[in-house]
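Novice: Please see the structure below; I have some questions.
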Amino acid sequence: MDKSATTIISSCTVKSGETTALSTNPVDLSRSTQLIFTVNGTIAATATEGLALYLFSSTDDTTYDDKWWDKWDIPNCRQVAFTSGDYEFMPEETVTSQASGTATVVGWTLSSGAWADGDAAGNLYLEDISGTFTDTQTLTGSTSGCSAVQNGTIAAHAITRTYFSTSPTPLYIKCRLHNKDTSQDATLCSVIYVKQSI
């Protein structure tokens with residue numbers, strides 16, 4: 001079996017609310033057993049929406065359907081630094097800021113300190129953000145009970161998201177990448193696919 005990685009949309013800026021043109025190079029799925037897409041992009045600090053990947057199919061690589069065959073939504077994910085964490089955050093818990101902002105935890109990294117010592121510091125990755133998050137305010141985890149201190153403002157975040165299709169059906173695929181945020185551009189956006197061929 002052979003695996004090969006190919007860039008189908010090269011690094012670009014997708015303007016607010018806009019969609020890229022249909023990719024020029026097709027994904028040829030003849031004799032393929034697995035298909036993986038990787039979407040990269042940097043979401044602006046003040047963005048409230050994420051990206052969407054639309055896949056269009058063809059049987060002959062000449063005429064592509066006018067409606068997408070599949071779609072993947074990539075939620076807006078942003079990064080905020082924290083210090084003084086006393087309990088490890090839990091996936092999908094709600095974090096509430098002192099100013100009553102809320103968000104869903106989707107990941108975190110620890111750069112120094114320890115939870116048990118109450119001085120854990122690192123980055124928190126959040127989706128579904130609403131309300132206000134302000135530097136030096138307390139962040140409280142709804143499930144973990146973690147109490148941490150926000151360190152700086154919410155920052156732009158470079159995301160990488162991977163999607164797997166284990167049983168590709170169309171013979172050929174082209175795609176479009178859409179920026180769902182209508183006020184902020186998404187930068188350094190690209191789409192790469194890996195297919196496994198028999």
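FYI, nothing fancy with the structure tokens labels: chains A, B, ... in order, residues from 1 per chain, ligands from 1 as they appear.
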Do you know which residues are at most 6 Å from A:His178 counting only C-alpha atoms, after dropping those on the same chain fewer than 3 positions away, and could you put them as a list in words?
Specialist: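 Residues near the query, excluding close chain neighbours: Glu18, Thr19, Leu51 and Ala52 of chain A.
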Novice: Quick one: write out the picked residues with C-alpha atoms as a PDB file, in the first residue's frame?
Specialist:
ATOM      1  CA  GLU A  18     -15.534  34.354   1.688  1.00  0.00           C
ATOM      2  CA  THR A  19     -14.911  30.972   0.080  1.00  0.00           C
ATOM      3  CA  LEU A  51     -13.845  27.399   8.908  1.00  0.00           C
ATOM      4  CA  ALA A  52     -15.750  24.894   6.801  1.00  0.00           C
TER       5      ALA A  52
END
Novice: Contacts between stretch 170-176 of chain A and stretch 38-139 of chain A, please, where a residue of stretch 38-139 of chain A counts if it comes within 7 Å (with only C-alpha atoms); show its shortest atom pair and distance in Å to one decimal, rows by chain and ascending number, as JSON lines.
Specialist:
{"residue": "A:Leu53", "atom": "CA", "partner": "A:Arg176", "partner_atom": "CA", "distance": 6.0}
{"residue": "A:Tyr54", "atom": "CA", "partner": "A:Arg176", "partner_atom": "CA", "distance": 5.2}
{"residue": "A:Leu55", "atom": "CA", "partner": "A:Cys175", "partner_atom": "CA", "distance": 4.5}
{"residue": "A:Phe56", "atom": "CA", "partner": "A:Lys174", "partner_atom": "CA", "distance": 5.3}
{"residue": "A:Ser57", "atom": "CA", "partner": "A:Ile173", "partner_atom": "CA", "distance": 4.6}
{"residue": "A:Ser58", "atom": "CA", "partner": "A:Tyr172", "partner_atom": "CA", "distance": 5.1}
{"residue": "A:Thr59", "atom": "CA", "partner": "A:Leu171", "partner_atom": "CA", "distance": 5.4}
{"residue": "A:Asp61", "atom": "CA", "partner": "A:Tyr172", "partner_atom": "CA", "distance": 5.9}
Novice: Generate the output file for the selected residues, N, CA and C atoms, as a PDB file, in the first residue's frame.
Specialist:
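Result written to out-v9.pdb:
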ATOM      1  N   LEU A  53     -14.959  23.091   5.405  1.00  0.00           N
ATOM      2  CA  LEU A  53     -14.408  22.475   4.198  1.00  0.00           C
ATOM      3  C   LEU A  53     -15.541  21.800   3.448  1.00  0.00           C
ATOM      4  N   TYR A  54     -15.718  22.185   2.179  1.00  0.00           N
ATOM      5  CA  TYR A  54     -16.759  21.599   1.338  1.00  0.00           C
ATOM      6  C   TYR A  54     -16.101  20.717   0.278  1.00  0.00           C
ATOM      7  N   LEU A  55     -16.596  19.497   0.131  1.00  0.00           N
ATOM      8  CA  LEU A  55     -16.046  18.556  -0.842  1.00  0.00           C
ATOM      9  C   LEU A  55     -17.051  18.336  -1.959  1.00  0.00           C
ATOM     10  N   PHE A  56     -16.592  18.493  -3.197  1.00  0.00           N
ATOM     11  CA  PHE A  56     -17.434  18.308  -4.376  1.00  0.00           C
ATOM     12  C   PHE A  56     -16.944  17.080  -5.134  1.00  0.00           C
ATOM     13  N   SER A  57     -17.867  16.285  -5.645  1.00  0.00           N
ATOM     14  CA  SER A  57     -17.502  15.009  -6.259  1.00  0.00           C
ATOM     15  C   SER A  57     -17.747  14.992  -7.765  1.00  0.00           C
ATOM     16  N   SER A  58     -17.047  14.048  -8.421  1.00  0.00           N
ATOM     17  CA  SER A  58     -17.168  13.857  -9.868  1.00  0.00           C
ATOM     18  C   SER A  58     -16.883  12.395 -10.195  1.00  0.00           C
ATOM     19  N   THR A  59     -17.479  11.925 -11.275  1.00  0.00           N
ATOM     20  CA  THR A  59     -17.195  10.560 -11.723  1.00  0.00           C
ATOM     21  C   THR A  59     -16.162  10.525 -12.835  1.00  0.00           C
ATOM     22  N   ASP A  61     -13.838  13.580 -13.446  1.00  0.00           N
ATOM     23  CA  ASP A  61     -12.897  14.682 -13.279  1.00  0.00           C
ATOM     24  C   ASP A  61     -13.094  15.773 -14.334  1.00  0.00           C
TER      25      ASP A  61
END
Novice: Find the residue from A:Ala45, A:Ile9, A:Leu126, A:Val27 that sits nearest to A:Cys77; use only C-alpha atoms when measuring.
Specialist: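 For A:Cys77, the nearest of the candidates is A:Leu126.
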Novice: Could you state the separation of atom CA of A:Thr6 and atom CA of A:Tyr193 in Å, given to one decimal place?
Specialist: 5.5 Å
Novice: Excluding A:Ser165 and residues on its chain fewer than 2 positions from it, collect all residues at most 10 Å away from it, counting only C-alpha atoms, and give them as an MDAnalysis selection string.
Specialist: chainID A and resid 33:37 163 167:169 195
Novice: Got time to write the residues from that selection, N, CA and C atoms, as a compact mmCIF listing (two decimals), in the first residue's frame?
Specialist:
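Below is the file that was written, selection.txt:
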# COMPACT_ATOMS: atom_id res chain seq x y z
N THR A 33 -8.21 3.28 -0.46
CA THR A 33 -8.98 2.69 0.63
C THR A 33 -9.18 3.64 1.79
N GLN A 34 -8.42 4.72 1.82
CA GLN A 34 -8.54 5.66 2.92
C GLN A 34 -8.21 7.06 2.44
N LEU A 35 -8.92 8.04 3.01
CA LEU A 35 -8.70 9.44 2.64
C LEU A 35 -8.67 10.28 3.90
N ILE A 36 -7.64 11.11 4.03
CA ILE A 36 -7.49 11.97 5.20
C ILE A 36 -7.26 13.40 4.71
N PHE A 37 -8.02 14.34 5.26
CA PHE A 37 -7.82 15.76 4.96
C PHE A 37 -7.26 16.46 6.19
N TYR A 163 -9.40 15.20 9.39
CA TYR A 163 -10.67 14.49 9.19
C TYR A 163 -10.40 13.22 8.40
N SER A 167 -13.89 5.13 4.01
CA SER A 167 -14.48 4.47 2.84
C SER A 167 -14.84 5.52 1.79
N PRO A 168 -13.86 6.06 1.09
CA PRO A 168 -14.18 7.08 0.08
C PRO A 168 -15.07 6.52 -1.02
N THR A 169 -16.08 7.29 -1.39
CA THR A 169 -17.03 6.83 -2.40
C THR A 169 -16.83 7.48 -3.76
N LYS A 195 -3.94 10.02 0.86
CA LYS A 195 -4.76 8.86 0.50
C LYS A 195 -3.90 7.62 0.57
Novice: Using only C-alpha atoms, determine which residues lie at most 10 Å from stretch 131-143 of chain A, disregarding the query and same-chain residues fewer than 6 positions distant; provide the list as number ranges by chain.
Specialist: A: 80-85, 87-105, 149-154
Novice: Keeping only C-alpha atoms, take the residues you just selected and write them out as a PDB file, in the first residue's frame.
Specialist:
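Final output, saved to again.pdb:
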ATOM      1  CA  VAL A  80      -5.725  32.009  26.212  1.00  0.00           C
ATOM      2  CA  ALA A  81      -2.797  31.696  28.596  1.00  0.00           C
ATOM      3  CA  PHE A  82      -3.347  30.915  32.266  1.00  0.00           C
ATOM      4  CA  THR A  83      -1.378  30.772  35.518  1.00  0.00           C
ATOM      5  CA  SER A  84      -2.077  29.553  39.075  1.00  0.00           C
ATOM      6  CA  GLY A  85      -4.102  26.519  37.960  1.00  0.00           C
ATOM      7  CA  TYR A  87      -6.898  21.373  39.196  1.00  0.00           C
ATOM      8  CA  GLU A  88      -6.496  19.925  35.718  1.00  0.00           C
ATOM      9  CA  PHE A  89      -9.105  21.157  33.257  1.00  0.00           C
ATOM     10  CA  MET A  90     -11.551  18.611  31.854  1.00  0.00           C
ATOM     11  CA  PRO A  91     -12.519  18.189  28.181  1.00  0.00           C
ATOM     12  CA  GLU A  92     -15.791  19.855  27.226  1.00  0.00           C
ATOM     13  CA  GLU A  93     -16.305  21.534  30.572  1.00  0.00           C
ATOM     14  CA  THR A  94     -17.473  25.135  30.643  1.00  0.00           C
ATOM     15  CA  VAL A  95     -14.994  27.752  31.793  1.00  0.00           C
ATOM     16  CA  THR A  96     -16.460  30.920  33.256  1.00  0.00           C
ATOM     17  CA  SER A  97     -14.446  34.113  33.534  1.00  0.00           C
ATOM     18  CA  GLN A  98     -14.749  36.499  36.429  1.00  0.00           C
ATOM     19  CA  ALA A  99     -16.534  38.898  34.047  1.00  0.00           C
ATOM     20  CA  SER A 100     -19.094  36.119  33.292  1.00  0.00           C
ATOM     21  CA  GLY A 101     -17.703  35.162  29.891  1.00  0.00           C
ATOM     22  CA  THR A 102     -18.121  31.455  29.089  1.00  0.00           C
ATOM     23  CA  ALA A 103     -16.418  29.002  26.750  1.00  0.00           C
ATOM     24  CA  THR A 104     -16.000  25.260  26.173  1.00  0.00           C
ATOM     25  CA  VAL A 105     -12.637  23.654  26.906  1.00  0.00           C
ATOM     26  CA  VAL A 149      -5.855  33.238  36.409  1.00  0.00           C
ATOM     27  CA  GLN A 150      -6.058  34.484  32.835  1.00  0.00           C
ATOM     28  CA  ASN A 151      -2.634  35.664  31.650  1.00  0.00           C
ATOM     29  CA  GLY A 152      -3.033  38.103  28.762  1.00  0.00           C
ATOM     30  CA  THR A 153      -5.796  38.520  26.225  1.00  0.00           C
ATOM     31  CA  ILE A 154      -7.352  35.890  23.975  1.00  0.00           C
TER      32      ILE A 154
END
Novice: Between A:Ala116, A:Cys12, A:Ile129, A:Leu110, which one has atoms that come closest to A:Thr42, using only C-alpha atoms?
Specialist: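 The closest residue to A:Thr42 is A:Cys12.
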Novice: To one decimal in Å, tell me the separation between atom CA of A:Pro26 and atom CA of A:Ile43.
Specialist: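 If I compute the distance from atom CA of A:Pro26 to atom CA of A:Ile43, I get 26.5 Å.
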Novice: Restricting the calculation to only C-alpha atoms, which member of A:Glu49, A:Val194, A:Lys67, A:Trp115 is positioned closest to A:Gly145?
Specialist: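 Closest candidate: A:Trp115.
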Novice: Which residue is closest to A:Thr160? Choose from A:Gly41, A:Pro75, A:Gly17, A:Gly113 and count only C-alpha atoms.
Specialist: A:Gly41
Novice: What separation in Å, quoted to one decimal, exists between atom CA of A:Ser111 and atom CA of A:Thr162?
Specialist: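 Atom-to-atom, atom CA of A:Ser111 and atom CA of A:Thr162 are spaced 24.5 Å apart.
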Novice: For A:Cys146, which residue among A:Asp128, A:Asp86, A:Asp181, A:Ala21 is the nearest when counting only C-alpha atoms?
Specialist: A:Asp86
